[in-house]
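Q: Pasting my_file13.cif here (mmCIF, C-alpha atoms):
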data_my_file
#
loop_
_atom_site.label_atom_id
_atom_site.label_comp_id
_atom_site.auth_asym_id
_atom_site.auth_seq_id
_atom_site.Cartn_x
_atom_site.Cartn_y
_atom_site.Cartn_z
CA MET A 22 -14.08 -74.02 18.09
CA GLU A 23 -14.10 -76.30 21.14
CA LEU A 24 -17.57 -77.07 22.49
CA ASP A 25 -18.11 -76.10 26.14
CA MET A 26 -19.80 -79.22 27.48
CA ASN A 27 -20.50 -77.70 30.89
CA LYS A 28 -22.51 -74.82 29.43
CA GLY A 29 -26.18 -75.36 30.26
CA LYS A 30 -25.43 -78.52 32.28
CA GLY A 31 -27.72 -77.42 35.14
CA TRP A 32 -30.61 -76.74 32.77
CA ARG A 33 -30.17 -80.08 31.02
CA ASN A 34 -30.25 -81.87 34.38
CA LEU A 35 -33.30 -79.91 35.54
CA VAL A 36 -35.24 -80.56 32.32
CA ARG A 37 -34.35 -84.27 32.46
CA TRP A 38 -35.49 -84.63 36.09
CA LEU A 39 -38.70 -82.74 35.39
CA CYS A 40 -39.45 -84.88 32.34
CA PHE A 41 -39.05 -88.16 34.21
CA MET A 42 -41.02 -86.83 37.17
CA VAL A 43 -43.87 -85.63 34.94
CA MET A 44 -43.89 -88.96 33.10
CA GLY A 45 -43.99 -90.91 36.37
CA ILE A 46 -46.71 -88.69 37.89
CA SER A 47 -48.82 -88.86 34.71
CA ALA A 48 -48.37 -92.63 34.35
CA PHE A 49 -49.44 -93.41 37.92
CA ALA A 50 -52.18 -90.76 38.17
CA ASN A 51 -55.40 -91.93 39.74
CA GLN A 52 -58.24 -91.13 37.33
CA LEU A 53 -60.67 -90.52 40.21
CA ASP A 54 -58.29 -88.28 42.15
CA THR A 55 -55.65 -87.02 39.72
CA PHE A 56 -53.61 -85.15 42.34
CA SER A 57 -53.69 -87.82 45.03
CA PRO A 58 -50.46 -87.29 47.04
CA TYR A 59 -49.76 -91.05 47.16
CA ASN A 60 -49.89 -91.34 43.36
CA VAL A 61 -47.99 -88.11 42.79
CA VAL A 62 -45.12 -88.96 45.18
CA PHE A 63 -44.90 -92.58 44.04
CA GLY A 64 -45.00 -91.55 40.36
CA ALA A 65 -42.30 -88.91 40.82
CA VAL A 66 -39.99 -91.31 42.69
CA VAL A 67 -40.48 -94.15 40.17
CA GLY A 68 -40.01 -91.73 37.26
CA LEU A 69 -36.76 -90.38 38.71
CA LEU A 70 -35.41 -93.85 39.51
CA PHE A 71 -36.31 -95.10 36.05
CA GLY A 72 -34.67 -92.07 34.43
CA TRP A 73 -31.52 -92.45 36.54
CA LEU A 74 -31.20 -96.12 35.60
CA PHE A 75 -31.93 -95.48 31.92
CA ARG A 76 -29.29 -92.73 31.75
CA LYS A 77 -26.72 -94.95 33.49
CA PHE A 78 -27.33 -97.79 31.05
CA LEU A 79 -27.28 -95.51 28.00
CA ARG A 80 -24.00 -93.93 29.10
CA GLY A 81 -22.54 -97.32 30.02
CA PHE A 82 -23.33 -98.92 26.68
CA LEU A 83 -22.13 -95.91 24.68
CA SER A 84 -18.88 -95.91 26.68
CA LEU A 85 -18.49 -99.63 26.01
CA PHE A 86 -18.99 -99.21 22.26
CA ASN A 87 -16.83 -96.06 22.01
CA GLY A 88 -13.83 -96.86 24.20
CA LYS A 89 -11.30 -95.04 22.02
CA PHE A 90 -13.48 -91.92 21.75
CA LYS A 91 -13.97 -91.91 25.52
CA LYS A 92 -10.20 -92.11 26.08
CA GLU A 93 -9.57 -89.23 23.70
CA LYS A 94 -12.40 -86.89 24.71
CA GLY A 95 -13.15 -88.10 28.25
CA LYS A 96 -16.37 -89.38 29.77
CA GLU A 97 -17.77 -85.84 29.65
CA ALA A 98 -18.27 -86.23 25.88
CA ILE A 99 -20.46 -89.32 26.38
CA ARG A 100 -22.37 -87.62 29.18
CA TYR A 101 -22.95 -84.53 27.04
CA ALA A 102 -24.31 -86.64 24.13
CA VAL A 103 -26.68 -88.59 26.40
CA ASP A 104 -27.88 -85.51 28.31
CA SER A 105 -28.52 -83.59 25.08
CA ALA A 106 -30.51 -86.53 23.73
CA MET A 107 -32.54 -86.70 26.95
CA LEU A 108 -33.88 -83.20 26.22
CA PHE A 109 -36.01 -84.78 23.50
CA LEU A 110 -38.10 -86.40 26.16
CA THR A 111 -39.71 -82.98 26.76
CA PRO A 112 -42.33 -83.20 23.94
CA PHE A 113 -43.36 -86.68 25.11
CA ALA A 114 -43.59 -85.65 28.77
CA ALA A 115 -45.68 -82.60 27.79
CA MET A 116 -47.98 -84.70 25.57
CA MET A 117 -48.36 -87.29 28.32
CA PHE A 118 -49.28 -84.60 30.85
CA ILE A 119 -51.87 -83.15 28.44
CA ALA A 120 -53.26 -86.62 27.70
CA VAL A 121 -53.75 -87.43 31.41
CA TYR A 122 -54.68 -84.08 32.95
CA TYR A 123 -56.51 -82.41 30.04
CA LEU A 124 -57.84 -85.19 27.83
CA ASN A 125 -58.40 -87.62 30.76
CA TRP A 126 -56.75 -90.55 29.00
CA SER A 127 -55.62 -93.44 31.15
CA GLU A 128 -53.43 -95.42 28.72
CA THR A 129 -50.01 -93.79 28.78
CA ARG A 130 -47.54 -96.60 28.12
CA GLY A 131 -47.19 -95.61 24.45
CA PHE A 132 -45.90 -92.16 25.41
CA VAL A 133 -43.13 -93.60 27.56
CA ALA A 134 -42.16 -96.24 24.99
CA THR A 135 -41.94 -93.76 22.10
CA GLY A 136 -40.19 -91.13 24.24
CA ILE A 137 -37.54 -93.60 25.37
CA MET A 138 -36.98 -94.85 21.81
CA ALA A 139 -36.67 -91.24 20.55
CA VAL A 140 -34.02 -90.54 23.20
CA GLY A 141 -32.11 -93.65 22.08
CA THR A 142 -32.09 -92.51 18.46
CA ALA A 143 -31.10 -88.97 19.46
CA ALA A 144 -28.23 -90.29 21.62
CA ALA A 145 -26.83 -92.25 18.66
CA ILE A 146 -27.06 -89.11 16.48
CA GLU A 147 -25.41 -86.93 19.18
CA ILE A 148 -22.48 -89.28 19.63
CA GLY A 149 -22.12 -89.50 15.83
CA LYS A 150 -21.96 -85.71 15.65
CA ALA A 151 -19.31 -85.60 18.36
CA LYS A 152 -17.24 -88.19 16.48
CA GLU A 153 -18.07 -86.56 13.12
CA LYS A 154 -19.00 -90.03 11.90
CA GLN A 155 -22.35 -91.80 12.27
CA GLU A 156 -21.91 -95.46 13.22
CA PHE A 157 -24.39 -98.28 12.98
CA ARG A 158 -23.14 -99.94 16.18
CA ASN A 159 -24.12 -96.87 18.22
CA THR A 160 -27.63 -96.98 16.78
CA ILE A 161 -27.83 -100.67 17.68
CA ALA A 162 -26.51 -100.03 21.23
CA THR A 163 -28.83 -97.11 22.03
CA SER A 164 -31.85 -98.73 20.36
CA GLY A 165 -31.17 -101.94 22.31
CA VAL A 166 -30.98 -100.13 25.66
CA SER A 167 -34.07 -98.05 24.82
CA PHE A 168 -36.05 -101.10 23.78
CA LEU A 169 -35.02 -102.87 27.01
CA PHE A 170 -36.20 -99.94 29.16
CA SER A 171 -39.36 -99.46 27.13
CA PHE A 172 -40.15 -103.15 27.65
CA LEU A 173 -39.23 -102.90 31.35
CA TRP A 174 -41.61 -99.96 31.85
CA THR A 175 -44.48 -101.64 29.98
CA LEU A 176 -44.01 -104.87 31.92
CA SER A 177 -43.48 -103.41 35.40
CA TYR A 178 -46.22 -100.78 35.05
CA VAL A 179 -48.97 -103.39 35.51
CA TYR A 180 -47.58 -104.32 38.94
CA LEU A 181 -46.33 -100.89 40.02
CA ALA A 182 -49.70 -99.25 39.30
CA LYS A 183 -51.14 -101.15 42.28
CA VAL A 184 -48.61 -99.72 44.76
CA PRO A 185 -50.12 -96.22 45.39
CA SER A 186 -53.48 -97.68 46.48
CA LEU A 187 -51.63 -100.13 48.77
CA MET A 188 -49.64 -97.21 50.21
CA GLU A 189 -52.85 -95.27 50.82
CA GLY A 190 -54.47 -98.29 52.47
CA GLY A 191 -51.40 -98.83 54.66
CA ALA A 192 -51.31 -95.16 55.68
CA GLN A 193 -55.01 -95.27 56.63
CA LEU A 194 -54.45 -98.41 58.65
CA ILE A 195 -51.53 -96.86 60.57
CA ARG A 196 -53.53 -93.64 61.14
CA GLY A 197 -56.45 -95.71 62.43
CA ILE A 198 -54.22 -97.67 64.81
CA LEU A 199 -52.41 -94.54 66.07
CA SER A 200 -55.64 -92.66 66.68
CA GLY A 201 -56.99 -95.65 68.60
CA GLY A 202 -60.10 -95.74 66.46
CA GLY A 203 -59.45 -99.14 64.93
CA VAL A 204 -59.62 -99.85 61.23
CA SER A 205 -62.23 -97.99 59.20
CA LEU A 206 -63.97 -100.18 56.61
CA MET B 13 -48.56 -98.02 8.36
CA TYR B 14 -50.77 -97.00 11.30
CA GLY B 15 -52.90 -94.87 8.96
CA VAL B 16 -53.54 -97.74 6.54
CA LEU B 17 -54.31 -100.19 9.37
CA GLY B 18 -56.62 -97.63 10.98
CA ILE B 19 -58.59 -97.18 7.71
CA VAL B 20 -58.82 -100.97 7.21
CA PHE B 21 -60.14 -101.60 10.73
CA SER B 22 -62.46 -98.60 10.50
CA LEU B 23 -64.00 -99.65 7.16
CA ALA B 24 -64.04 -103.41 7.76
CA LEU B 25 -65.08 -103.53 11.41
CA GLY B 26 -66.53 -100.08 11.96
CA TRP B 27 -64.07 -99.29 14.75
CA LYS B 28 -63.34 -95.70 15.75
CA THR B 29 -59.62 -95.87 15.06
CA SER B 30 -58.53 -92.24 15.01
CA VAL B 31 -57.25 -92.24 18.60
CA ALA B 32 -56.11 -95.85 19.01
CA PHE B 33 -54.27 -96.08 15.69
CA GLY B 34 -53.87 -92.40 14.92
CA VAL B 35 -52.27 -91.30 18.17
CA THR B 36 -49.99 -94.35 18.27
CA GLY B 37 -48.83 -93.53 14.75
CA VAL B 38 -48.44 -89.87 15.63
CA LEU B 39 -46.35 -90.72 18.71
CA TRP B 40 -43.96 -92.86 16.66
CA ALA B 41 -43.77 -90.10 14.03
CA ILE B 42 -42.92 -87.43 16.62
CA GLY B 43 -39.36 -88.82 17.04
CA PRO B 44 -38.29 -88.19 13.41
CA MET B 45 -40.20 -84.89 13.50
CA ILE B 46 -38.13 -83.77 16.51
CA ILE B 47 -34.88 -84.68 14.75
CA THR B 48 -36.05 -82.73 11.66
CA ILE B 49 -36.95 -79.67 13.76
CA ARG B 50 -33.55 -79.84 15.43
CA GLU B 51 -31.75 -79.95 12.08
CA LEU B 52 -33.86 -77.07 10.74
CA THR B 53 -33.00 -74.94 13.77
CA GLY B 54 -29.27 -75.55 13.32
CA GLY B 55 -29.02 -77.96 16.27
CA LYS B 56 -30.05 -75.32 18.82
CA ASN B 57 -31.70 -77.19 21.69
CA THR B 58 -33.05 -74.00 23.28
CA LEU B 59 -35.13 -73.41 20.16
CA SER B 60 -35.82 -76.91 18.84
CA VAL B 61 -37.00 -78.50 22.12
CA PRO B 62 -39.74 -75.90 22.91
CA LEU B 63 -40.76 -75.89 19.23
CA ALA B 64 -41.00 -79.70 19.13
CA THR B 65 -42.97 -79.65 22.41
CA ALA B 66 -45.46 -77.13 21.01
CA VAL B 67 -45.83 -79.11 17.76
CA GLY B 68 -46.35 -82.35 19.70
CA ALA B 69 -49.01 -80.76 21.94
CA VAL B 70 -50.90 -79.27 18.99
CA VAL B 71 -50.79 -82.58 17.08
CA LEU B 72 -52.05 -84.53 20.11
CA ILE B 73 -54.93 -82.13 20.86
CA SER B 74 -55.96 -82.01 17.19
CA TRP B 75 -56.04 -85.82 17.09
CA SER B 76 -58.23 -85.96 20.18
CA VAL B 77 -60.60 -83.46 18.52
CA PHE B 78 -60.75 -85.67 15.39
CA GLY B 79 -61.38 -88.70 17.59
CA ASN B 80 -64.43 -87.05 19.13
CA LEU B 81 -66.04 -86.06 15.83
#
Starting from the file, lay out its structure as structure tokens.
A:
Amino acid sequence: MELDMNKGKGWRNLVRWLCFMVMGISAFANQLDTFSPYNVVFGAVVGLLFGWLFRKFLRGFLSLFNGKFKKEKGKEAIRYAVDSAMLFLTPFAAMMFIAVYYLNWSETRGFVATGIMAVGTAAAIEIGKAKEKQEFRNTIATSGVSFLFSFLWTLSYVYLAKVPSLMEGGAQLIRGILSGGGVSL
Amino acid sequence: MYGVLGIVFSLALGWKTSVAFGVTGVLWAIGPMIITIRELTGGKNTLSVPLATAVGAVVLISWSVFGNL
């Protein structure tokens, strides 16, 4: 029986966007004001951008390593494998949200790293299922991309975490200038 | 691996390692657990993803409880 790859496509996209948004919001949450709009908006945007880039790279590398399969089944088959694998980010996004908003933990990089690596493994398994043959090169490709993005998140987080407070400071400065009240210290 | 290292650091240095080592180990173990749940549910994402999410949440909260003992 032929698999309908478009069935549930909207749900898969929605879950993926929500997961990356939740991960971004949780990662950049301010411990003193957990629902600060600057942190929430910045976190959601960074999470979505990161997710978009990660998905592009994962699809790109899998297409590169499975050229013949892509020609036979079309790029939809690669997209379906990657999008199905991305669903497995849900447990990590939920755990990260609980850790930040219920347990008040501030160190969240481990959640992102393990979630991304789990998606990489799942993508290799999904493509293997579609081809009815598990291949080592796919595991290497997806693990490599996942490791790269996990490393990128860990490295960039240190610098990006400073941005929401800068945004808040900038907004206060502009408000102060516009209201003619000068800069509040 | 994380369990053994956690016990060593806890016994040798007196560190409270249940969260630092335990949760890190649990997070890395969640990946294979998700794959197992998916296989056991016949590859149905609509069942395996919510189930894996619930399992992950319970495991995380139970570890935080252990860490506070």
Q: Residues at most 10 Å from Ile47 (chain B), counting all atoms listed in the file, excluding those fewer than 5 positions away in the same chain, as an MDAnalysis selection string?
A: (chainID A and resid 109 139 142:143 146) or (chainID B and resid 42 52:53 55 60:61 64)
Q: Give me the box for region 133-149 of chain A as AutoDock Vina command-line options, namely the centre and edge lengths in Å to one decimal of a box along x, y and z that holds every listed atom plus 5 Å on each side.
A:
--center_x -32.6 --center_y -91.6 --center_z 21.7 --size_x 31.0 --size_y 19.3 --size_z 21.7
Q: What would the selection look like, as a ChimeraX atom specification, if the PyMOL selection byres ((chain B) within 7 of (chain A)) were run on the coordinates I just shared?
A: /B:36,39-40,43,61,64-65,68-69,72
Q: Keeping only C-alpha atoms, write the selected residues as an mmCIF file, in the coordinates of the input.
A:
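Once everything was written out, this is again32.cif:
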data_model
loop_
_atom_site.group_PDB
_atom_site.id
_atom_site.type_symbol
_atom_site.label_atom_id
_atom_site.label_comp_id
_atom_site.auth_asym_id
_atom_site.auth_seq_id
_atom_site.Cartn_x
_atom_site.Cartn_y
_atom_site.Cartn_z
ATOM 1 C CA THR B 36 -49.990 -94.350 18.270
ATOM 2 C CA LEU B 39 -46.350 -90.720 18.710
ATOM 3 C CA TRP B 40 -43.960 -92.860 16.660
ATOM 4 C CA GLY B 43 -39.360 -88.820 17.040
ATOM 5 C CA VAL B 61 -37.000 -78.500 22.120
ATOM 6 C CA ALA B 64 -41.000 -79.700 19.130
ATOM 7 C CA THR B 65 -42.970 -79.650 22.410
ATOM 8 C CA GLY B 68 -46.350 -82.350 19.700
ATOM 9 C CA ALA B 69 -49.010 -80.760 21.940
ATOM 10 C CA LEU B 72 -52.050 -84.530 20.110
#
Q: Work out how far CA of Leu59 (chain B) is from CA of Val43 (chain A), in Å to one decimal.
A: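 Distance between the two atoms: 21.1 Å.
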Q: Restricting the calculation to all atoms listed in the file, which member of B:Leu25, B:Val20, B:Ala66, B:Ile73 is positioned closest to Ile46 (chain B)?
A: B:Ala66
Q: Suppose you want the space between CA of Phe90 (chain A) and CA of Pro44 (chain B); what is it in Å?
A: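 The value is 26.4 Å.
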Q: If you apply the PyMOL selection byres ((chain A and resi 152) around 12) to this file, what residues do you get, as number ranges by chain?
A: A: 87, 89-91, 93-94, 98-99, 102, 145-151, 153-156, 159
Q: Might you pull out every residue within 8 Å of region 28-30 of chain B, with all atoms listed in the file counted and same-chain residues fewer than 6 positions away left off, and present them as a ChimeraX atom specification?
A: /B:18-19,21-22,75,78-79
Q: Taking only C-alpha atoms into account, which of A:Trp38, A:Trp126, A:Leu85, A:Ser57 comes nearest Val31 (chain B)?
A: A:Trp126
Q: Applied to this file, what does the PyMOL selection byres ((chain A and resi 59-70) around 10) return in terms of residues, put as a PyMOL selection string?
A: chain A and resi 37-51+54-58+71-76+174+181-189+192
Q: Do you have the CA of Gly15 (chain B)-CA of Gly37 (chain B) distance handy?
A: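 Going from CA of Gly15 (chain B) over to CA of Gly37 (chain B) covers 7.2 Å.
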